[in-house]
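Structure file entry-v3.tsv with TSV, C-alpha atoms:
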chain	number	residue	atom	x	y	z
A	1	MET	CA	-18.81	0.28	-4.37
A	2	GLY	CA	-18.64	0.40	-0.58
A	3	ASP	CA	-15.88	-1.04	1.58
A	4	SER	CA	-17.23	-2.33	4.85
A	5	ASN	CA	-14.07	-4.20	5.93
A	6	GLY	CA	-16.36	-7.20	6.32
A	7	VAL	CA	-15.20	-10.80	6.18
A	8	GLY	CA	-17.14	-11.62	3.06
A	9	LYS	CA	-20.41	-11.34	1.21
A	10	GLY	CA	-23.00	-14.07	1.02
A	11	GLU	CA	-24.02	-16.40	3.82
A	12	SER	CA	-22.36	-19.48	2.37
A	13	ARG	CA	-19.05	-17.70	1.96
A	14	SER	CA	-19.23	-16.33	5.51
A	15	LYS	CA	-19.91	-19.79	6.95
A	16	GLY	CA	-16.99	-21.22	5.02
A	17	LEU	CA	-14.64	-18.55	6.29
A	18	LEU	CA	-15.81	-18.88	9.87
A	19	GLY	CA	-15.34	-22.63	9.71
A	20	ARG	CA	-11.77	-22.24	8.52
A	21	LEU	CA	-11.09	-19.62	11.18
A	22	GLY	CA	-12.33	-21.98	13.88
A	23	ARG	CA	-10.05	-24.74	12.68
A	24	ALA	CA	-7.05	-22.44	12.47
A	25	LYS	CA	-7.40	-21.17	16.06
A	26	ASP	CA	-5.98	-17.89	14.94
A	27	GLU	CA	-7.39	-15.39	17.43
A	28	HIS	CA	-4.95	-13.83	19.91
A	29	ALA	CA	-5.57	-11.24	22.61
A	30	GLY	CA	-3.67	-9.83	25.53
A	31	ARG	CA	-2.34	-6.77	27.27
A	32	GLY	CA	1.14	-5.33	27.26
A	33	ALA	CA	4.29	-6.14	25.33
A	34	LYS	CA	4.61	-9.66	24.00
A	35	THR	CA	6.11	-11.77	21.23
A	36	ILE	CA	3.67	-14.23	19.67
A	37	THR	CA	3.64	-16.71	16.79
A	38	LEU	CA	0.99	-16.44	14.09
A	39	VAL	CA	0.44	-19.56	12.00
A	40	ASN	CA	-0.56	-19.38	8.35
A	41	PRO	CA	-3.82	-21.30	7.82
A	42	GLU	CA	-2.74	-21.94	4.21
A	43	PRO	CA	1.07	-21.91	3.83
A	44	GLY	CA	2.10	-20.69	0.42
A	45	ARG	CA	-0.67	-18.10	0.34
A	46	PRO	CA	-1.02	-14.74	2.08
A	47	ALA	CA	-3.61	-14.01	4.73
A	48	ILE	CA	-5.17	-10.96	6.37
A	49	LEU	CA	-4.50	-9.72	9.88
A	50	GLU	CA	-7.43	-7.97	11.52
A	51	TYR	CA	-6.32	-5.98	14.57
A	52	THR	CA	-7.41	-3.73	17.41
A	53	ILE	CA	-4.56	-2.22	19.43
A	54	LYS	CA	-4.60	0.36	22.19
A	55	ASP	CA	-1.49	2.44	22.77
A	56	ASP	CA	0.36	2.28	26.06
A	57	ASN	CA	2.46	5.34	25.19
A	58	GLU	CA	0.49	8.44	24.22
A	59	TYR	CA	3.55	10.14	22.72
A	60	SER	CA	5.19	7.54	20.50
A	61	GLY	CA	2.35	5.02	20.10
A	62	TYR	CA	2.59	1.28	19.62
A	63	LYS	CA	4.91	-0.54	17.25
A	64	ILE	CA	5.05	-4.12	16.00
A	65	ASP	CA	8.20	-5.68	14.55
A	66	GLN	CA	8.57	-9.06	12.89
A	67	LEU	CA	11.41	-11.21	14.21
A	68	ASP	CA	13.39	-13.61	12.06
A	69	GLU	CA	15.06	-16.86	13.19
A	70	TYR	CA	17.92	-14.83	14.68
A	71	ASP	CA	15.56	-12.46	16.52
A	72	ASP	CA	16.57	-9.62	14.24
A	73	ALA	CA	13.65	-7.21	13.85
A	74	ASP	CA	12.02	-5.69	10.77
A	75	LYS	CA	9.36	-2.99	11.08
A	76	PHE	CA	5.87	-4.33	10.44
A	77	MET	CA	3.24	-1.96	11.87
A	78	GLU	CA	2.99	1.21	13.94
A	79	VAL	CA	0.18	3.51	14.99
A	80	HIS	CA	1.31	6.38	12.73
A	81	THR	CA	0.82	4.30	9.58
A	82	HIS	CA	-1.77	1.66	10.48
A	83	GLY	CA	-3.98	3.27	13.13
A	84	THR	CA	-5.37	1.42	16.13
A	85	GLN	CA	-7.71	-0.88	14.23
A	86	GLY	CA	-8.09	-2.21	10.72
A	87	ARG	CA	-6.65	-4.87	8.44
A	88	THR	CA	-3.28	-5.51	6.85
A	89	LEU	CA	-1.66	-8.19	4.70
A	90	LEU	CA	0.13	-11.03	6.48
A	91	PHE	CA	2.36	-13.83	5.13
A	92	GLY	CA	3.03	-11.79	1.99
A	93	THR	CA	5.48	-14.40	0.66
A	94	GLY	CA	3.46	-17.38	1.86
A	95	GLN	CA	5.47	-18.06	5.05
A	96	SER	CA	4.18	-20.82	7.30
A	97	GLU	CA	4.41	-18.59	10.37
A	98	VAL	CA	5.60	-15.19	11.56
A	99	ARG	CA	6.64	-13.85	14.97
A	100	PRO	CA	5.40	-10.34	15.71
A	101	ARG	CA	6.82	-8.49	18.72
A	102	LEU	CA	4.32	-6.02	20.19
A	103	GLU	CA	5.72	-3.04	22.08
A	104	ARG	CA	4.23	0.04	23.80
A	105	VAL	CA	0.79	-1.57	23.69
A	106	GLY	CA	-2.13	-1.63	26.10
A	107	SER	CA	-4.83	-4.17	25.34
A	108	TRP	CA	-4.72	-5.78	21.89
A	109	SER	CA	-6.42	-8.43	19.77
A	110	LEU	CA	-5.23	-10.02	16.52
A	111	ARG	CA	-7.19	-12.28	14.21
A	112	VAL	CA	-5.90	-14.09	11.13
A	113	LEU	CA	-8.39	-14.26	8.25
A	114	PRO	CA	-8.07	-16.22	5.01
A	115	ILE	CA	-7.07	-14.12	2.03
A	116	GLU	CA	-10.58	-14.46	0.57
A	117	ALA	CA	-11.60	-11.86	3.15
A	118	ALA	CA	-9.91	-9.19	1.02
A	119	THR	CA	-12.50	-6.84	-0.48
A	120	PRO	CA	-12.73	-7.12	-4.30
A	121	LEU	CA	-11.69	-3.87	-5.99
A	122	THR	CA	-14.06	-3.60	-8.94
A	123	GLY	CA	-14.93	0.10	-8.87
A	124	LYS	CA	-14.94	3.12	-6.58
A	125	ALA	CA	-14.53	2.01	-2.95
A	126	GLU	CA	-14.77	4.19	0.14
A	127	GLY	CA	-14.14	3.48	3.79
A	128	LYS	CA	-11.95	4.36	6.76
A	129	GLY	CA	-8.64	3.09	8.04
A	130	SER	CA	-6.26	0.39	6.88
A	131	THR	CA	-7.60	-2.44	4.74
A	132	VAL	CA	-6.73	-4.90	1.98
A	133	PHE	CA	-8.30	-5.11	-1.49
A	134	ARG	CA	-7.91	-7.76	-4.18
A	135	TYR	CA	-7.76	-6.48	-7.74
A	136	THR	CA	-8.41	-8.93	-10.58
A	137	GLY	CA	-8.08	-7.75	-14.15
A	138	PRO	CA	-5.65	-6.21	-16.62
A	139	PRO	CA	-2.89	-3.84	-15.45
A	140	ALA	CA	-4.51	-0.54	-14.52
A	141	VAL	CA	-4.05	2.67	-12.59
A	142	HIS	CA	-6.07	4.00	-9.69
A	143	SER	CA	-6.86	7.26	-7.98
A	144	LEU	CA	-6.40	7.58	-4.23
A	145	ARG	CA	-7.82	10.42	-2.19
A	146	ARG	CA	-8.50	11.41	1.39
A	147	LEU	CA	-12.12	12.04	2.40
A	148	THR	CA	-11.46	13.51	5.84
A	149	ARG	CA	-9.62	16.65	6.95
A	150	ASP	CA	-6.90	14.95	8.95
A	151	ASP	CA	-3.29	14.88	7.75
A	152	HIS	CA	-2.39	11.34	8.80
A	153	PRO	CA	-0.54	9.10	6.33
A	154	LEU	CA	-2.66	7.50	3.62
A	155	ASP	CA	-0.70	5.18	1.34
A	156	ALA	CA	-1.45	2.37	-1.10
A	157	PHE	CA	0.78	-0.58	-1.96
A	158	THR	CA	0.52	-3.56	-4.29
A	159	VAL	CA	1.58	-7.13	-3.55
A	160	GLN	CA	1.94	-9.68	-6.34
A	161	ALA	CA	1.19	-13.39	-6.19
A	162	ASP	CA	4.89	-14.09	-5.61
A	163	GLY	CA	5.08	-11.61	-2.71
A	164	LYS	CA	6.75	-8.71	-4.55
A	165	LYS	CA	5.62	-5.48	-2.90
A	166	TRP	CA	5.73	-1.98	-4.38
A	167	MET	CA	4.63	1.45	-3.24
A	168	SER	CA	1.68	2.47	-5.40
A	169	ALA	CA	0.67	5.93	-4.20
A	170	GLY	CA	1.00	8.23	-1.20
A	171	THR	CA	-1.06	11.31	-0.39
A	172	ALA	CA	1.64	13.02	1.74
A	173	GLY	CA	-1.02	14.15	4.20
A	174	ARG	CA	-2.98	16.08	1.55
A	175	ARG	CA	-6.53	15.85	0.18
A	176	ARG	CA	-5.55	16.26	-3.47
A	177	PRO	CA	-6.20	12.97	-5.37
A	178	VAL	CA	-3.08	11.14	-6.54
A	179	ALA	CA	-2.59	8.41	-9.14
A	180	GLY	CA	-1.14	4.98	-8.41
A	181	THR	CA	-0.43	1.73	-10.20
A	182	LEU	CA	-2.19	-1.65	-10.23
A	183	PRO	CA	0.52	-3.91	-11.68
A	184	VAL	CA	-0.68	-7.39	-12.57
A	185	SER	CA	1.62	-10.32	-13.31
A	186	ALA	CA	0.72	-13.47	-15.24
A	187	ALA	CA	-1.26	-14.59	-12.18
A	188	GLY	CA	-3.95	-12.10	-13.21
A	189	TYR	CA	-4.42	-10.34	-9.87
A	190	CYS	CA	-2.71	-8.35	-7.14
A	191	TYR	CA	-3.48	-7.38	-3.56
A	192	VAL	CA	-3.78	-3.71	-2.62
A	193	PRO	CA	-3.07	-2.99	1.06
A	194	ILE	CA	-3.94	0.55	2.16
A	195	THR	CA	-2.44	1.98	5.33
A	196	ALA	CA	-4.21	4.81	7.11
A	197	GLY	CA	-5.27	6.06	10.52
A	198	HIS	CA	-8.38	4.26	11.76
A	199	ALA	CA	-10.48	7.44	11.39
A	200	THR	CA	-9.02	8.54	8.04
A	201	GLY	CA	-11.60	8.44	5.27
A	202	ARG	CA	-10.31	7.17	1.93
A	203	GLN	CA	-11.43	6.50	-1.62
A	204	ILE	CA	-9.77	4.36	-4.26
A	205	GLU	CA	-10.98	3.83	-7.82
A	206	PRO	CA	-9.34	1.80	-10.63
A	207	ALA	CA	-9.14	3.13	-14.18
A	208	ALA	CA	-7.97	1.70	-17.51
A	209	LEU	CA	-4.44	2.29	-18.77
A	210	ASP	CA	-5.70	4.42	-21.64
A	211	THR	CA	-6.63	7.12	-19.10
A	212	VAL	CA	-2.95	7.71	-18.29
A	213	PRO	CA	-1.85	11.19	-19.49
A	214	ALA	CA	0.29	10.88	-22.64
A	215	PHE	CA	2.94	13.44	-23.60
A	216	THR	CA	5.68	14.03	-26.13
A	217	ASP	CA	7.18	17.35	-25.10
A	218	LYS	CA	5.78	18.32	-21.70
A	219	VAL	CA	3.66	17.05	-18.81
A	220	SER	CA	3.04	18.37	-15.29
A	221	GLY	CA	1.24	17.37	-12.14
A	222	GLN	CA	1.30	17.35	-8.36
A	223	GLY	CA	2.02	14.44	-6.03
A	224	TYR	CA	2.17	10.81	-7.16
A	225	GLY	CA	1.33	10.25	-10.81
A	226	VAL	CA	1.64	7.91	-13.80
A	227	VAL	CA	2.33	9.25	-17.31
A	228	ARG	CA	3.17	7.81	-20.73
A	229	HIS	CA	6.01	9.33	-22.76
A	230	THR	CA	5.05	8.83	-26.41
A	231	GLY	CA	8.12	10.47	-27.89
A	232	PRO	CA	11.53	8.87	-28.36
A	233	ALA	CA	13.82	8.47	-25.36
A	234	ALA	CA	15.40	11.85	-24.69
A	235	GLU	CA	17.13	14.14	-22.21
A	236	MET	CA	14.33	16.08	-20.52
A	237	MET	CA	14.23	18.76	-17.85
A	238	VAL	CA	12.65	17.61	-14.56
A	239	ARG	CA	11.49	20.38	-12.22
A	240	TYR	CA	9.99	19.99	-8.75
A	241	GLU	CA	8.68	22.35	-6.06
A	242	ALA	CA	9.78	20.55	-2.91
A	243	ARG	CA	7.67	20.90	0.24
A	244	GLY	CA	10.56	20.37	2.64
A	245	LEU	CA	14.29	19.76	2.93
A	246	ILE	CA	14.01	15.99	2.49
A	247	ASP	CA	11.24	16.09	-0.13
A	248	ILE	CA	12.49	14.78	-3.48
A	249	ILE	CA	11.05	13.63	-6.80
A	250	ALA	CA	11.73	10.11	-8.07
A	251	LEU	CA	10.97	8.76	-11.55
A	252	ARG	CA	10.64	5.05	-12.31
A	253	GLU	CA	10.32	3.32	-15.65
A	254	LEU	CA	7.43	0.82	-15.79
A	255	ASP	CA	6.75	-2.04	-18.19
A	256	GLU	CA	3.34	-2.62	-19.78
A	257	ARG	CA	2.29	-4.66	-16.74
A	258	LEU	CA	3.15	-1.57	-14.66
A	259	GLU	CA	5.94	-3.39	-12.86
A	260	PRO	CA	8.97	-1.17	-12.08
A	261	ILE	CA	11.89	-1.83	-14.45
A	262	ARG	CA	14.43	0.64	-13.14
A	263	ARG	CA	14.86	3.93	-11.33
A	264	ILE	CA	15.26	6.76	-13.82
A	265	SER	CA	16.30	9.42	-11.34
A	266	MET	CA	15.92	10.84	-7.84
A	267	ALA	CA	16.82	14.40	-8.76
A	268	THR	CA	15.71	17.41	-10.74
A	269	GLY	CA	17.56	18.72	-13.78
A	270	LEU	CA	18.29	16.96	-17.07
A	271	GLN	CA	17.31	13.29	-16.94
A	272	HIS	CA	17.15	10.58	-19.60
A	273	VAL	CA	13.42	9.77	-19.92
A	274	PRO	CA	12.60	6.60	-21.89
A	275	GLN	CA	9.62	6.06	-24.12
A	276	GLY	CA	6.74	4.38	-22.32
A	277	LEU	CA	5.18	4.41	-18.87
A	278	VAL	CA	6.76	6.43	-16.06
A	279	GLN	CA	5.76	6.63	-12.41
A	280	VAL	CA	6.32	9.92	-10.59
A	281	ARG	CA	6.80	9.74	-6.82
A	282	THR	CA	6.91	12.88	-4.71
A	283	GLY	CA	6.13	14.30	-1.31
A	284	GLY	CA	3.14	16.18	-2.68
A	285	GLY	CA	4.70	19.10	-4.54
A	286	LYS	CA	4.21	20.31	-8.11
A	287	TRP	CA	6.38	18.82	-10.86
A	288	SER	CA	6.97	19.04	-14.60
A	289	ILE	CA	8.88	17.07	-17.25
A	290	GLU	CA	9.65	18.75	-20.56
A	291	THR	CA	12.04	18.78	-23.48
A	292	ARG	CA	14.69	21.49	-23.53
A	293	GLY	CA	13.41	24.57	-25.33
As structure tokens, the full file:
Amino acid sequence: MGDSNGVGKGESRSKGLLGRLGRAKDEHAGRGAKTITLVNPEPGRPAILEYTIKDDNEYSGYKIDQLDEYDDADKFMEVHTHGTQGRTLLFGTGQSEVRPRLERVGSWSLRVLPIEAATPLTGKAEGKGSTVFRYTGPPAVHSLRRLTRDDHPLDAFTVQADGKKWMSAGTAGRRRPVAGTLPVSAAGYCYVPITAGHATGRQIEPAALDTVPAFTDKVSGQGYGVVRHTGPAAEMMVRYEARGLIDIIALRELDERLEPIRRISMATGLQHVPQGLVQVRTGGGKWSIETRG
């Protein structure tokens, strides 16, 4: 399945979206640093921000923070993670409006699209840059891989209907495919924002839960992964080949909806591994989990 980053498929759907966009008056453009207010066309629901931003600083690149009612700032976007054009999720918790502060920018344009503009994730999808998918179905896993030879960040997240956001998978600048999660609450769907450089080629493909590697005594892999421990909860040896001084391995216990329950560990050595689904998060190195021999 292709990913064109288009607004929608089908003429009737496109007309409906364009009509709502016209009513919302949600296109903004300018040059240079500025703080603006973006209004949610449907408060209580998320939306999509489509953007084109040129850097004003060739060394550090642009950054966009979101300001709260006290003008305290939280990081929202930057060139290193989102590239200079693409799409990202906005109003993740259904806010009525947000205030982005644009810094180190040249010319820029922002456009708020209704959430229906998210591309349905029903099979293998390829494209470039940051985008937003909508996955509808049972809890599942997905593969994520880079299709180009750059080493820019390429990460996938999931956002639930109630706004809960989790890291799903990160490629750590490598081309090796990694496995991520598609947790689905009772709402029956989740959104899947992907952040990447605008020229970074990417591929994502969902797969059923029964494809998750199962193990009793030992399992190994490299980079992000999801595994199922079929044996009883036990002390197991976790080993990891770090790729740098700040590269660590983290294990998280997941429920059957693939929602994180708790952090198992952020260290190697003997760790208490429960029975069930476990997410492995790393900076791209090789890892193993095994019973003590």
Computed interatomic separation between CA of Ala199 (chain A) and CA of Asn57 (chain A) (Å) = 19.0 Å
ask   = Counting only C-alpha atoms, what is within 6 Å of region 32-45 of chain A, bar same-chain residues fewer than 6 positions away, as a list in words?
value = Ala24, Gly94, Gln95, Ser96, Glu97, Val98, Arg99, Pro100, Arg101, Leu102, Glu103, Val105 and Gly106 of chain A
task = Find the residues around region 51-53 of chain A up to 6 Å (all atoms listed in the file counted), leave out those fewer than 5 positions away in its own chain, and share them as JSON, numbers by chain.
result = {"A": [84, 85, 86, 108, 109, 110]}
Take the residues from that selection and put them in a file with C-alpha atoms, as a CSV table (one decimal), in the frame of the given file.
chain,number,residue,atom,x,y,z
A,84,THR,CA,-5.4,1.4,16.1
A,85,GLN,CA,-7.7,-0.9,14.2
A,86,GLY,CA,-8.1,-2.2,10.7
A,108,TRP,CA,-4.7,-5.8,21.9
A,109,SER,CA,-6.4,-8.4,19.8
A,110,LEU,CA,-5.2,-10.0,16.5
ask   = Can you tell me, as a list in words, what residues are no more than 12 Å from Ala214 (chain A) when counting all atoms listed in the file, ignoring any on the same chain fewer than 4 positions away?
value = Leu209, Asp210, Lys218, Val219, Ser220, Gly225, Val226, Val227, Arg228, His229, Thr230, Gly231, Gln275, Gly276, Leu277, Val278 and Ile289 of chain A
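Taking only C-alpha atoms, the non-local environment of His198 (chain A) within 10 Å (same-chain residues fewer than 5 positions away omitted) comprises A:Thr52, A:Val79, A:His80, A:Thr81, A:His82, A:Gly83, A:Thr84, A:Gln85, A:Gly86, A:Arg87, A:Gly127, A:Lys128, A:Gly129, A:Ser130, A:Thr131, A:His152.
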task = Pull the neighbourhood of (-6.3, 13.6, 8.1) for me: all residues within 12 Å in file coordinates, counting only C-alpha atoms, as a PyMOL selection string.
result = chain A and resi 80-81+83+128-129+145-154+171-176+196-202
Spatial neighbours of Ile115 (chain A), max dist 8 Å, only C-alpha atoms, sep filter under 4 positions, as a VMD selection string = chain A and resid 45 to 48
request  = Could you please determine the separation between CA of Asp55 (chain A) and CA of Leu90 (chain A) in Å, to one decimal place?
outcome  = 21.2 Å
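Distances to Thr211 (chain A) were evaluated for A:Leu89, A:Ala118, A:Val184, A:Ala140 using all atoms listed in the file, and the minimum falls at A:Ala140.
What separates CA of Gly269 (chain A) from CA of Leu254 (chain A) is a distance of 20.7 Å.
Among the candidates A:Gln203, A:Trp166, A:Pro183, A:Phe157, the residue lying nearest to Glu126 (chain A) is A:Gln203 (atoms considered: only C-alpha atoms).
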inquiry  = Under the rule that all atoms listed in the file are counted, which of A:Gly223, A:Pro206, A:Gly137, A:Pro274 is the nearest residue to Glu235 (chain A)?
reply    = A:Pro274
message = With 6 Å as the threshold, what does the neighbourhood of (-10.1, -3.3, -8.0) contain in terms of residues, counting all atoms listed in the file? Coordinates are those of the file; answer as a PyMOL selection string.
response = chain A and resi 120-123+135+206
